[in-house]
Amino acid sequence: MRYSDAFIYTLREDPADAELISHKLMTRAGMIMKVASGIYNYLPLGLRVIRKIEDIIREEMTREGVAELLMPGTIPAELWKESGRWDYYGDELLRLKDRKQNEFCLGPTHEEVVVDVARRSVKSYKQLPTSLYQFQSKFRDERRPRFGLMRGREFIMKDAYSFHASEECLNDMYWRMHAAYTRVFNRMGLTFRPVEADSGAIGGDVTHEFHVLADSGEDKIIYCPSCDYAANVEKAKAKRSTEFTAIPSNAPALAEVETVGIMSIEDVSAFLKVESTQCIKMVVMKIDDNKFVGCLIRGDLELNEVKLRNFFRSNTIETPSDVELRDNKFACGYMGPINLEGKISLVADYSIMDITSGVIGANRENWHITGCVPARDLADMTYGDFATAGAGDKCPTCGETMADCRGIEVGQVFKLGTKYSAAMSMTYLDQNGKTATPTMGCYGIGVTRTAASAIEQNHDDNGIIWPREIAPFQVHIMALDPKDESVIGLAKEFHDKFESLKLDCLLDDRDERPGVKFKDADLIGCPLQVIIGGKSLKNGEIEVKLRRAGEKRMVAVDGAFDSILEILNSIA
RNA sequence: CGGAGAGUAGCGCAGCCUGGUAGCGCGUCUGGUUUGGGACCAGAAUGUCGCGGGUUCAAAUCCUGCCUCUCCGACCA
């Protein structure tokens, strides 16, 4: 492709509305163009990257016997009403009506449609397992779209769905997809990690998210450097004792102590001269139907709201306001499990089980209680894991000290179970001729987000540095003197040779000054640059630059193409 | 959805406080000189100043309603 045909228009300055490096660079390199908040044009250069990513995924899906189809972006409400999500999904679902006032939505995900496809075709256990996938633009009306392609409202996703006659079969597919995803992200040259994640409202025992590691990531990942354990902070566990320690013989008695204006753990620990690890805080949250729930947890730890929400099988969880708490008879800043007046379901985190002389709130303003021994005083509580794990905690698998990092969620594998197949009455006949409901898995990769995350991970001050497998072009040839027949002639010859080897090649044939071409080439970020100029050509040389290393090499014109090819193949 | 900010030429911005000819840089066009890391000189084109209402002799500027966009937070099967 010639640059003059390629519809690439770079920007010298950062766009005003971009924050994230990938957003800035994609806009500046002429890959994307904003149309509305969270909605973008994928310009020719950007689309090339997206297609490269899709092709890699496509190959790996095919390898696992997943068949590609394309479902519509616009979905009749009927299907969503059948699954029950029409009423449940909320404002993220963009709803619209056609001229006959029939209701539709723009698909944020396609479980309903794929079940409809499968149930009309699959009637027998002999047809199972079966799986389908597509690349499709999804629409989710995010409350706050941001970060360019990272969190858009319209985005391209690969979504796959599998149907099985047994749990074992689903489990097998789950791990095959897990392996396929690992191959996909490896091939793209990304540094990533599969992590255990919370399965959310759908439930299910296992789900993994695939995260590209980057400081700008919106998720926090806790991982163990010495074993495979890695989890989203929402899910992460730490190794903690789940037994009470013995009640010490000299255990102190409970005693009220006046603590005027001392409310935070920090203040309590300083005022009473106790470690925060000997304080027990009670965190109160509000779940579905405005019910209050509370959790007792060690003073230095943080409550994990997702874990608490899951325990109570609630769809929502939120922090009540101080006013709300007081209205419901909770002594703000002095809450504790003893003498509790407010109506609440209370649980306790394992972390308090080995406290031998704890400080707790007294449930009246300006008073705390000392000498709390959970093994004695809180023995009949329901104990569980409700704490947020973090760097420094021990690994639940191997006991080593864990670390944390930021990640961008680019993929997820999920065991759906029969939620949709049952709701939408998908059935087949099993070996015994009995009606059965297939169990399902679903597996997504955010294609456009993956492109953005690749840039987050691969850039420098001059621009993008594409991993070779997803670069828009493998080679970027610059004809520095395009009017010089020997220069442009050689550039074209090389270009055609690369293309004939199925190596995408961009030929900068513009009548621009060299500096402009160099800047654009670095910004666009193709892995290998071939610089052909009149002067060096007269010396029988061509310059080759490796984008990532920044290294320049001169190669002799004689046999130059083979030399360049060799250099290209040495790039990862 | 709560809090904050922005909307002026294709892009990035100034002007607004204190009302009176709409500006700068980049880009674009013409001519010339240049030509290995975003050239230089000369000339030119380009604006419903987000939209509506109001105040005023006069509004980009003051008042007001709305829209859009961005940031922080909450949210994210």
# chains A, B, ... in the order shown; residues from 1 in each chain; ligands from 1
>>> closest_atom_pairs(of="chain A", to="chain B", cutoff="7 Å", atoms="only C-alpha atoms (C1' of nucleotides)", output="JSON lines")
{"residue": "A:Glu13", "atom": "CA", "partner": "B:G12", "partner_atom": "C1'", "distance": 6.7}
{"residue": "A:Asp17", "atom": "CA", "partner": "B:U70", "partner_atom": "C1'", "distance": 5.8}
{"residue": "A:Arg513", "atom": "CA", "partner": "B:U35", "partner_atom": "C1'", "distance": 6.0}
{"residue": "A:Pro514", "atom": "CA", "partner": "B:G36", "partner_atom": "C1'", "distance": 6.0}
{"residue": "A:Gly515", "atom": "CA", "partner": "B:G37", "partner_atom": "C1'", "distance": 4.3}
{"residue": "A:Val516", "atom": "CA", "partner": "B:G38", "partner_atom": "C1'", "distance": 4.9}
{"residue": "A:Phe518", "atom": "CA", "partner": "B:G37", "partner_atom": "C1'", "distance": 6.1}
{"residue": "A:Lys519", "atom": "CA", "partner": "B:G38", "partner_atom": "C1'", "distance": 6.4}
>>> write_last_selection(atoms="all heavy atoms", output="mmCIF file, in the first residue's frame")
data_model
loop_
_atom_site.group_PDB
_atom_site.id
_atom_site.type_symbol
_atom_site.label_atom_id
_atom_site.label_comp_id
_atom_site.auth_asym_id
_atom_site.auth_seq_id
_atom_site.Cartn_x
_atom_site.Cartn_y
_atom_site.Cartn_z
ATOM 1 N N GLU A 13 -0.150 17.300 17.237
ATOM 2 C CA GLU A 13 -0.403 17.531 18.660
ATOM 3 C C GLU A 13 -1.360 16.500 19.239
ATOM 4 O O GLU A 13 -2.197 15.951 18.528
ATOM 5 C CB GLU A 13 -1.001 18.932 18.856
ATOM 6 C CG GLU A 13 0.016 20.030 18.671
ATOM 7 C CD GLU A 13 -0.632 21.403 18.680
ATOM 8 O OE1 GLU A 13 -1.215 21.792 17.654
ATOM 9 O OE2 GLU A 13 -0.553 22.070 19.708
ATOM 10 N N ASP A 17 -8.949 15.912 24.127
ATOM 11 C CA ASP A 17 -9.830 15.127 24.996
ATOM 12 C C ASP A 17 -9.269 13.759 25.363
ATOM 13 O O ASP A 17 -9.953 12.945 25.937
ATOM 14 C CB ASP A 17 -11.218 14.989 24.368
ATOM 15 C CG ASP A 17 -11.148 14.322 22.999
ATOM 16 O OD1 ASP A 17 -10.063 13.840 22.621
ATOM 17 O OD2 ASP A 17 -12.185 14.295 22.322
ATOM 18 N N ARG A 513 9.356 16.232 3.257
ATOM 19 C CA ARG A 513 10.735 16.260 3.730
ATOM 20 C C ARG A 513 11.024 15.010 4.547
ATOM 21 O O ARG A 513 10.124 14.437 5.153
ATOM 22 C CB ARG A 513 10.968 17.511 4.579
ATOM 23 C CG ARG A 513 10.768 18.797 3.793
ATOM 24 C CD ARG A 513 10.801 19.976 4.716
ATOM 25 N NE ARG A 513 12.092 20.104 5.379
ATOM 26 C CZ ARG A 513 13.147 20.720 4.846
ATOM 27 N NH1 ARG A 513 13.035 21.243 3.650
ATOM 28 N NH2 ARG A 513 14.278 20.805 5.492
ATOM 29 N N PRO A 514 12.285 14.585 4.572
ATOM 30 C CA PRO A 514 12.629 13.351 5.299
ATOM 31 C C PRO A 514 12.163 13.361 6.746
ATOM 32 O O PRO A 514 11.638 12.364 7.244
ATOM 33 C CB PRO A 514 14.154 13.315 5.208
ATOM 34 C CG PRO A 514 14.487 14.074 3.981
ATOM 35 C CD PRO A 514 13.444 15.150 3.864
ATOM 36 N N GLY A 515 12.347 14.489 7.417
ATOM 37 C CA GLY A 515 11.986 14.564 8.836
ATOM 38 C C GLY A 515 10.523 14.207 9.083
ATOM 39 O O GLY A 515 10.188 13.529 10.047
ATOM 40 N N VAL A 516 9.661 14.664 8.196
ATOM 41 C CA VAL A 516 8.230 14.388 8.326
ATOM 42 C C VAL A 516 7.989 12.889 8.220
ATOM 43 O O VAL A 516 7.232 12.300 8.992
ATOM 44 C CB VAL A 516 7.451 15.145 7.230
ATOM 45 C CG1 VAL A 516 5.987 14.745 7.239
ATOM 46 C CG2 VAL A 516 7.610 16.646 7.413
ATOM 47 N N PHE A 518 10.156 10.442 8.788
ATOM 48 C CA PHE A 518 10.708 9.743 9.955
ATOM 49 C C PHE A 518 9.753 9.841 11.139
ATOM 50 O O PHE A 518 9.490 8.858 11.832
ATOM 51 C CB PHE A 518 12.066 10.336 10.355
ATOM 52 C CG PHE A 518 13.151 10.117 9.341
ATOM 53 C CD1 PHE A 518 14.122 11.091 9.105
ATOM 54 C CD2 PHE A 518 13.223 8.932 8.621
ATOM 55 C CE1 PHE A 518 15.128 10.890 8.180
ATOM 56 C CE2 PHE A 518 14.230 8.729 7.684
ATOM 57 C CZ PHE A 518 15.180 9.710 7.459
ATOM 58 N N LYS A 519 9.240 11.032 11.366
ATOM 59 C CA LYS A 519 8.339 11.241 12.508
ATOM 60 C C LYS A 519 7.072 10.400 12.353
ATOM 61 O O LYS A 519 6.609 9.785 13.310
ATOM 62 C CB LYS A 519 7.957 12.725 12.603
ATOM 63 C CG LYS A 519 9.062 13.605 13.135
ATOM 64 C CD LYS A 519 9.253 13.380 14.622
ATOM 65 C CE LYS A 519 10.332 14.319 15.168
ATOM 66 N NZ LYS A 519 10.680 13.974 16.565
#
>>> select_by_dssp(residues="segment 2-116 of chain A", states="alpha helix (DSSP H)", output="VMD selection string")
chain A and resid 21 to 28 44 to 63 77 to 83 85 to 88 111 to 116
>>> write_last_selection(atoms="C-alpha atoms", output="mmCIF file, in the first residue's frame")
data_model
loop_
_atom_site.group_PDB
_atom_site.id
_atom_site.type_symbol
_atom_site.label_atom_id
_atom_site.label_comp_id
_atom_site.auth_asym_id
_atom_site.auth_seq_id
_atom_site.Cartn_x
_atom_site.Cartn_y
_atom_site.Cartn_z
ATOM 1 C CA ILE A 21 -1.425 7.179 25.959
ATOM 2 C CA SER A 22 -3.145 4.650 23.690
ATOM 3 C CA HIS A 23 -5.975 7.081 23.032
ATOM 4 C CA LYS A 24 -3.553 9.886 22.214
ATOM 5 C CA LEU A 25 -1.375 7.774 19.964
ATOM 6 C CA MET A 26 -4.210 6.079 18.112
ATOM 7 C CA THR A 27 -5.745 9.458 17.390
ATOM 8 C CA ARG A 28 -2.447 11.059 16.421
ATOM 9 C CA PRO A 44 -7.914 2.356 7.597
ATOM 10 C CA LEU A 45 -4.748 2.117 9.678
ATOM 11 C CA GLY A 46 -6.653 1.214 12.839
ATOM 12 C CA LEU A 47 -8.836 -1.264 11.031
ATOM 13 C CA ARG A 48 -5.753 -3.110 9.828
ATOM 14 C CA VAL A 49 -4.710 -3.727 13.412
ATOM 15 C CA ILE A 50 -8.189 -4.850 14.344
ATOM 16 C CA ARG A 51 -8.224 -7.289 11.433
ATOM 17 C CA LYS A 52 -4.844 -8.694 12.474
ATOM 18 C CA ILE A 53 -6.136 -9.294 15.969
ATOM 19 C CA GLU A 54 -9.297 -10.880 14.604
ATOM 20 C CA ASP A 55 -7.330 -13.149 12.309
ATOM 21 C CA ILE A 56 -5.256 -14.515 15.166
ATOM 22 C CA ILE A 57 -8.364 -15.150 17.232
ATOM 23 C CA ARG A 58 -10.116 -16.668 14.231
ATOM 24 C CA GLU A 59 -7.303 -19.160 13.719
ATOM 25 C CA GLU A 60 -7.324 -20.227 17.338
ATOM 26 C CA MET A 61 -11.101 -20.563 17.427
ATOM 27 C CA THR A 62 -11.037 -22.663 14.297
ATOM 28 C CA ARG A 63 -8.370 -24.841 15.877
ATOM 29 C CA ALA A 77 -36.880 -7.173 22.689
ATOM 30 C CA GLU A 78 -38.815 -10.421 22.546
ATOM 31 C CA LEU A 79 -35.666 -12.477 22.993
ATOM 32 C CA TRP A 80 -34.471 -10.364 25.876
ATOM 33 C CA LYS A 81 -37.859 -10.578 27.530
ATOM 34 C CA GLU A 82 -37.668 -14.337 27.224
ATOM 35 C CA SER A 83 -34.419 -14.483 29.142
ATOM 36 C CA ARG A 85 -32.913 -9.523 31.014
ATOM 37 C CA TRP A 86 -35.050 -6.889 29.310
ATOM 38 C CA ASP A 87 -36.207 -5.742 32.726
ATOM 39 C CA TYR A 88 -33.021 -6.559 34.572
ATOM 40 C CA GLU A 111 -26.519 -14.975 24.798
ATOM 41 C CA GLU A 112 -30.188 -14.635 23.854
ATOM 42 C CA VAL A 113 -29.582 -14.664 20.133
ATOM 43 C CA VAL A 114 -27.142 -17.531 20.183
ATOM 44 C CA VAL A 115 -29.470 -19.652 22.309
ATOM 45 C CA ASP A 116 -32.217 -18.908 19.820
#
>>> residues_around(residues="segment 237-241 of chain A", least_positions_apart="2", cutoff="7 Å", atoms="only C-alpha atoms (C1' of nucleotides)", output="ChimeraX atom specification")
/A:235,243,350-351,389,393-396,399
>>> residues_around(residues="G54 of chain B", least_positions_apart="3", cutoff="12 Å", atoms="only C-alpha atoms (C1' of nucleotides)", output="ChimeraX atom specification")
/B:59,62-65
>>> select_by_dssp(residues="segment 310-359 of chain A", states="strand (DSSP E or B)", output="MDAnalysis selection string")
chainID A and resid 317:318 345:349 358:359
>>> write_last_selection(atoms="all heavy atoms", output="PDB file, in the first residue's frame")
ATOM      1  N   ILE A 317     -24.637  -3.627  46.211  1.00  0.00           N
ATOM      2  CA  ILE A 317     -24.124  -3.339  47.544  1.00  0.00           C
ATOM      3  C   ILE A 317     -23.625  -1.913  47.516  1.00  0.00           C
ATOM      4  O   ILE A 317     -22.984  -1.494  46.561  1.00  0.00           O
ATOM      5  CB  ILE A 317     -23.010  -4.331  47.956  1.00  0.00           C
ATOM      6  CG1 ILE A 317     -22.616  -4.103  49.412  1.00  0.00           C
ATOM      7  CG2 ILE A 317     -21.792  -4.229  47.034  1.00  0.00           C
ATOM      8  CD1 ILE A 317     -21.918  -5.285  50.052  1.00  0.00           C
ATOM      9  N   GLU A 318     -24.003  -1.144  48.511  1.00  0.00           N
ATOM     10  CA  GLU A 318     -23.506   0.224  48.536  1.00  0.00           C
ATOM     11  C   GLU A 318     -23.268   0.694  49.956  1.00  0.00           C
ATOM     12  O   GLU A 318     -23.796   0.132  50.916  1.00  0.00           O
ATOM     13  CB  GLU A 318     -24.462   1.168  47.801  1.00  0.00           C
ATOM     14  CG  GLU A 318     -25.887   1.116  48.298  1.00  0.00           C
ATOM     15  CD  GLU A 318     -26.794   2.004  47.448  1.00  0.00           C
ATOM     16  OE1 GLU A 318     -26.460   3.176  47.283  1.00  0.00           O
ATOM     17  OE2 GLU A 318     -27.819   1.505  46.973  1.00  0.00           O
ATOM     18  N   SER A 345     -27.857  -8.026  59.434  1.00  0.00           N
ATOM     19  CA  SER A 345     -27.290  -9.373  59.371  1.00  0.00           C
ATOM     20  C   SER A 345     -25.789  -9.224  59.472  1.00  0.00           C
ATOM     21  O   SER A 345     -25.172  -8.535  58.661  1.00  0.00           O
ATOM     22  CB  SER A 345     -27.636 -10.047  58.044  1.00  0.00           C
ATOM     23  OG  SER A 345     -29.028 -10.015  57.847  1.00  0.00           O
ATOM     24  N   LEU A 346     -25.209  -9.867  60.461  1.00  0.00           N
ATOM     25  CA  LEU A 346     -23.805  -9.638  60.753  1.00  0.00           C
ATOM     26  C   LEU A 346     -22.967 -10.882  60.494  1.00  0.00           C
ATOM     27  O   LEU A 346     -23.353 -11.995  60.854  1.00  0.00           O
ATOM     28  CB  LEU A 346     -23.674  -9.230  62.226  1.00  0.00           C
ATOM     29  CG  LEU A 346     -22.476  -8.402  62.625  1.00  0.00           C
ATOM     30  CD1 LEU A 346     -22.368  -7.144  61.785  1.00  0.00           C
ATOM     31  CD2 LEU A 346     -22.592  -8.028  64.108  1.00  0.00           C
ATOM     32  N   VAL A 347     -21.838 -10.688  59.830  1.00  0.00           N
ATOM     33  CA  VAL A 347     -20.880 -11.777  59.637  1.00  0.00           C
ATOM     34  C   VAL A 347     -19.511 -11.259  60.080  1.00  0.00           C
ATOM     35  O   VAL A 347     -19.348 -10.073  60.370  1.00  0.00           O
ATOM     36  CB  VAL A 347     -20.792 -12.218  58.159  1.00  0.00           C
ATOM     37  CG1 VAL A 347     -22.093 -12.859  57.715  1.00  0.00           C
ATOM     38  CG2 VAL A 347     -20.422 -11.047  57.266  1.00  0.00           C
ATOM     39  N   ALA A 348     -18.540 -12.167  60.127  1.00  0.00           N
ATOM     40  CA  ALA A 348     -17.205 -11.760  60.571  1.00  0.00           C
ATOM     41  C   ALA A 348     -16.156 -12.356  59.663  1.00  0.00           C
ATOM     42  O   ALA A 348     -16.306 -13.467  59.145  1.00  0.00           O
ATOM     43  CB  ALA A 348     -16.966 -12.207  62.006  1.00  0.00           C
ATOM     44  N   ASP A 349     -15.096 -11.610  59.462  1.00  0.00           N
ATOM     45  CA  ASP A 349     -13.997 -12.090  58.648  1.00  0.00           C
ATOM     46  C   ASP A 349     -13.060 -12.955  59.485  1.00  0.00           C
ATOM     47  O   ASP A 349     -12.873 -12.716  60.678  1.00  0.00           O
ATOM     48  CB  ASP A 349     -13.226 -10.895  58.065  1.00  0.00           C
ATOM     49  CG  ASP A 349     -12.121 -11.351  57.128  1.00  0.00           C
ATOM     50  OD1 ASP A 349     -12.449 -11.914  56.076  1.00  0.00           O
ATOM     51  OD2 ASP A 349     -10.936 -11.177  57.488  1.00  0.00           O
ATOM     52  N   GLY A 358      -9.099  -7.432  71.779  1.00  0.00           N
ATOM     53  CA  GLY A 358      -9.456  -6.479  70.728  1.00  0.00           C
ATOM     54  C   GLY A 358     -10.233  -5.279  71.232  1.00  0.00           C
ATOM     55  O   GLY A 358     -10.813  -5.289  72.317  1.00  0.00           O
ATOM     56  N   VAL A 359     -10.214  -4.233  70.396  1.00  0.00           N
ATOM     57  CA  VAL A 359     -11.015  -3.053  70.672  1.00  0.00           C
ATOM     58  C   VAL A 359     -12.157  -3.013  69.656  1.00  0.00           C
ATOM     59  O   VAL A 359     -11.920  -3.156  68.455  1.00  0.00           O
ATOM     60  CB  VAL A 359     -10.178  -1.767  70.520  1.00  0.00           C
ATOM     61  CG1 VAL A 359     -11.040  -0.534  70.792  1.00  0.00           C
ATOM     62  CG2 VAL A 359      -8.978  -1.804  71.449  1.00  0.00           C
TER      63      VAL A 359
END
>>> residues_around(residues="segment 562-572 of chain A", least_positions_apart="3", cutoff="7 Å", atoms="only C-alpha atoms (C1' of nucleotides)", output="list in words")
Arg468, Leu528 and Gly559 of chain A
>>> residues_around(residues="G20 of chain B", least_positions_apart="3", cutoff="12 Å", atoms="only C-alpha atoms (C1' of nucleotides)", output="ChimeraX atom specification")
/B:56-59,61
>>> write_last_selection(atoms="all heavy atoms", output="CSV table (one decimal), in the first residue's frame")
chain,number,residue,atom,x,y,z
B,56,U,P,-33.0,46.7,27.7
B,56,U,OP1,-33.6,47.8,28.4
B,56,U,OP2,-33.8,46.0,26.6
B,56,U,O5',-31.7,47.1,27.0
B,56,U,C5',-30.7,47.8,27.8
B,56,U,C4',-29.4,47.9,27.0
B,56,U,O4',-28.9,46.6,26.7
B,56,U,C3',-29.6,48.5,25.6
B,56,U,O3',-29.7,50.0,25.7
B,56,U,C2',-28.4,48.1,24.9
B,56,U,O2',-27.2,48.8,25.3
B,56,U,C1',-28.2,46.7,25.5
B,56,U,N1,-28.8,45.6,24.6
B,56,U,C2,-27.9,45.0,23.7
B,56,U,O2,-26.8,45.3,23.6
B,56,U,N3,-28.5,44.1,22.9
B,56,U,C4,-29.8,43.7,22.9
B,56,U,O4,-30.2,42.8,22.1
B,56,U,C5,-30.6,44.4,23.9
B,56,U,C6,-30.1,45.3,24.7
B,57,C,P,-30.8,50.7,24.7
B,57,C,OP1,-30.8,52.1,25.1
B,57,C,OP2,-32.0,49.9,24.7
B,57,C,O5',-30.1,50.6,23.3
B,57,C,C5',-30.8,50.9,22.1
B,57,C,C4',-29.9,50.9,20.9
B,57,C,O4',-29.0,52.0,21.0
B,57,C,C3',-29.1,49.7,20.8
B,57,C,O3',-29.8,48.6,20.1
B,57,C,C2',-27.9,50.2,19.9
B,57,C,O2',-28.2,50.3,18.6
B,57,C,C1',-27.7,51.6,20.5
B,57,C,N1,-26.7,51.7,21.6
B,57,C,C2,-25.3,51.6,21.2
B,57,C,O2,-25.0,51.4,20.0
B,57,C,N3,-24.4,51.6,22.2
B,57,C,C4,-24.8,51.8,23.5
B,57,C,N4,-23.8,51.9,24.4
B,57,C,C5,-26.2,51.9,23.8
B,57,C,C6,-27.1,51.8,22.9
B,58,A,P,-29.6,47.1,20.7
B,58,A,OP1,-30.4,46.2,19.8
B,58,A,OP2,-29.8,47.1,22.1
B,58,A,O5',-28.0,46.8,20.4
B,58,A,C5',-27.6,46.7,19.0
B,58,A,C4',-26.1,46.5,19.0
B,58,A,O4',-25.5,47.7,19.6
B,58,A,C3',-25.5,45.4,19.8
B,58,A,O3',-25.6,44.2,19.1
B,58,A,C2',-24.1,45.8,20.1
B,58,A,O2',-23.3,45.6,19.0
B,58,A,C1',-24.3,47.3,20.3
B,58,A,N9,-24.4,47.8,21.7
B,58,A,C8,-25.5,48.0,22.4
B,58,A,N7,-25.3,48.4,23.7
B,58,A,C5,-23.9,48.3,23.8
B,58,A,C6,-23.1,48.6,24.8
B,58,A,N6,-23.5,49.0,26.1
B,58,A,N1,-21.7,48.4,24.6
B,58,A,C2,-21.3,48.0,23.4
B,58,A,N3,-22.1,47.8,22.3
B,58,A,C4,-23.4,47.9,22.6
B,59,A,P,-25.8,42.8,19.9
B,59,A,OP1,-25.8,41.7,18.8
B,59,A,OP2,-27.0,43.0,20.8
B,59,A,O5',-24.5,42.6,20.8
B,59,A,C5',-23.2,42.5,20.2
B,59,A,C4',-22.5,41.4,20.8
B,59,A,O4',-22.5,41.6,22.3
B,59,A,C3',-23.1,40.0,20.7
B,59,A,O3',-22.1,39.0,20.7
B,59,A,C2',-23.9,39.8,21.9
B,59,A,O2',-24.2,38.5,22.2
B,59,A,C1',-23.1,40.5,22.9
B,59,A,N9,-23.8,41.1,24.1
B,59,A,C8,-25.1,41.2,24.3
B,59,A,N7,-25.5,41.7,25.4
B,59,A,C5,-24.3,41.9,26.1
B,59,A,C6,-23.9,42.3,27.4
B,59,A,N6,-24.8,42.8,28.2
B,59,A,N1,-22.6,42.4,27.7
B,59,A,C2,-21.7,41.9,26.8
B,59,A,N3,-21.9,41.5,25.6
B,59,A,C4,-23.2,41.5,25.3
B,61,U,P,-21.7,36.4,24.3
B,61,U,OP1,-22.5,35.5,25.2
B,61,U,OP2,-22.3,37.5,23.7
B,61,U,O5',-20.5,36.9,25.2
B,61,U,C5',-19.7,36.0,26.0
B,61,U,C4',-18.7,36.8,26.8
B,61,U,O4',-17.9,37.5,25.7
B,61,U,C3',-19.2,37.8,27.7
B,61,U,O3',-18.4,37.9,28.9
B,61,U,C2',-19.1,39.2,27.0
B,61,U,O2',-18.8,40.3,27.8
B,61,U,C1',-17.9,38.9,26.1
B,61,U,N1,-17.9,39.7,24.8
B,61,U,C2,-16.9,40.6,24.6
B,61,U,O2,-16.0,40.8,25.4
B,61,U,N3,-17.1,41.3,23.5
B,61,U,C4,-18.0,41.2,22.5
B,61,U,O4,-18.0,41.9,21.5
B,61,U,C5,-19.0,40.2,22.8
B,61,U,C6,-18.9,39.5,23.9
>>> residues_around(residues="Ser4 of chain A", least_positions_apart="4", cutoff="9 Å", atoms="only C-alpha atoms (C1' of nucleotides)", output="ChimeraX atom specification")
/A:8,507-510
>>> write_last_selection(atoms="all heavy atoms", output="mmCIF file, in the first residue's frame")
data_model
loop_
_atom_site.group_PDB
_atom_site.id
_atom_site.type_symbol
_atom_site.label_atom_id
_atom_site.label_comp_id
_atom_site.auth_asym_id
_atom_site.auth_seq_id
_atom_site.Cartn_x
_atom_site.Cartn_y
_atom_site.Cartn_z
ATOM 1 N N ILE A 8 -3.944 7.988 5.574
ATOM 2 C CA ILE A 8 -3.358 8.146 6.907
ATOM 3 C C ILE A 8 -3.109 9.631 7.120
ATOM 4 O O ILE A 8 -2.366 10.247 6.366
ATOM 5 C CB ILE A 8 -2.013 7.393 7.021
ATOM 6 C CG1 ILE A 8 -2.214 5.906 6.731
ATOM 7 C CG2 ILE A 8 -1.400 7.605 8.400
ATOM 8 C CD1 ILE A 8 -0.905 5.144 6.567
ATOM 9 N N LEU A 507 4.478 1.947 1.695
ATOM 10 C CA LEU A 507 5.522 2.660 0.958
ATOM 11 C C LEU A 507 5.235 4.158 1.014
ATOM 12 O O LEU A 507 4.270 4.641 0.426
ATOM 13 C CB LEU A 507 5.553 2.180 -0.495
ATOM 14 C CG LEU A 507 6.382 3.018 -1.478
ATOM 15 C CD1 LEU A 507 7.826 3.170 -1.003
ATOM 16 C CD2 LEU A 507 6.336 2.395 -2.864
ATOM 17 N N ASP A 508 6.078 4.879 1.746
ATOM 18 C CA ASP A 508 5.885 6.323 1.845
ATOM 19 C C ASP A 508 6.463 6.985 0.605
ATOM 20 O O ASP A 508 7.662 7.206 0.491
ATOM 21 C CB ASP A 508 6.537 6.866 3.120
ATOM 22 C CG ASP A 508 6.069 8.293 3.418
ATOM 23 O OD1 ASP A 508 5.539 8.941 2.485
ATOM 24 O OD2 ASP A 508 6.231 8.746 4.558
ATOM 25 N N ASP A 509 5.574 7.291 -0.331
ATOM 26 C CA ASP A 509 5.969 7.877 -1.611
ATOM 27 C C ASP A 509 5.633 9.361 -1.649
ATOM 28 O O ASP A 509 5.631 9.983 -2.698
ATOM 29 C CB ASP A 509 5.207 7.164 -2.744
ATOM 30 C CG ASP A 509 3.695 7.246 -2.557
ATOM 31 O OD1 ASP A 509 3.244 7.506 -1.425
ATOM 32 O OD2 ASP A 509 2.963 7.053 -3.546
ATOM 33 N N ARG A 510 5.318 9.939 -0.505
ATOM 34 C CA ARG A 510 4.886 11.341 -0.480
ATOM 35 C C ARG A 510 6.049 12.287 -0.780
ATOM 36 O O ARG A 510 7.207 11.996 -0.466
ATOM 37 C CB ARG A 510 4.314 11.702 0.887
ATOM 38 C CG ARG A 510 3.042 10.979 1.242
ATOM 39 C CD ARG A 510 2.617 11.317 2.653
ATOM 40 N NE ARG A 510 3.646 10.928 3.634
ATOM 41 C CZ ARG A 510 3.647 11.307 4.900
ATOM 42 N NH1 ARG A 510 2.704 12.102 5.349
ATOM 43 N NH2 ARG A 510 4.597 10.895 5.730
#
>>> closest_residue(among="A:Asp484, A:Asp385, A:Asp558, A:Glu19", to="Glu302 of chain A", atoms="only C-alpha atoms")
A:Asp385
>>> closest_residue(among="A:Ile477, A:Pro225, A:Gly217, A:Arg364", to="Lys492 of chain A", atoms="only C-alpha atoms")
A:Ile477
>>> closest_residue(among="B:C72, B:A42, B:A60, B:A4", to="G19 of chain B", atoms="only C-alpha atoms (C1' of nucleotides)")
B:A60
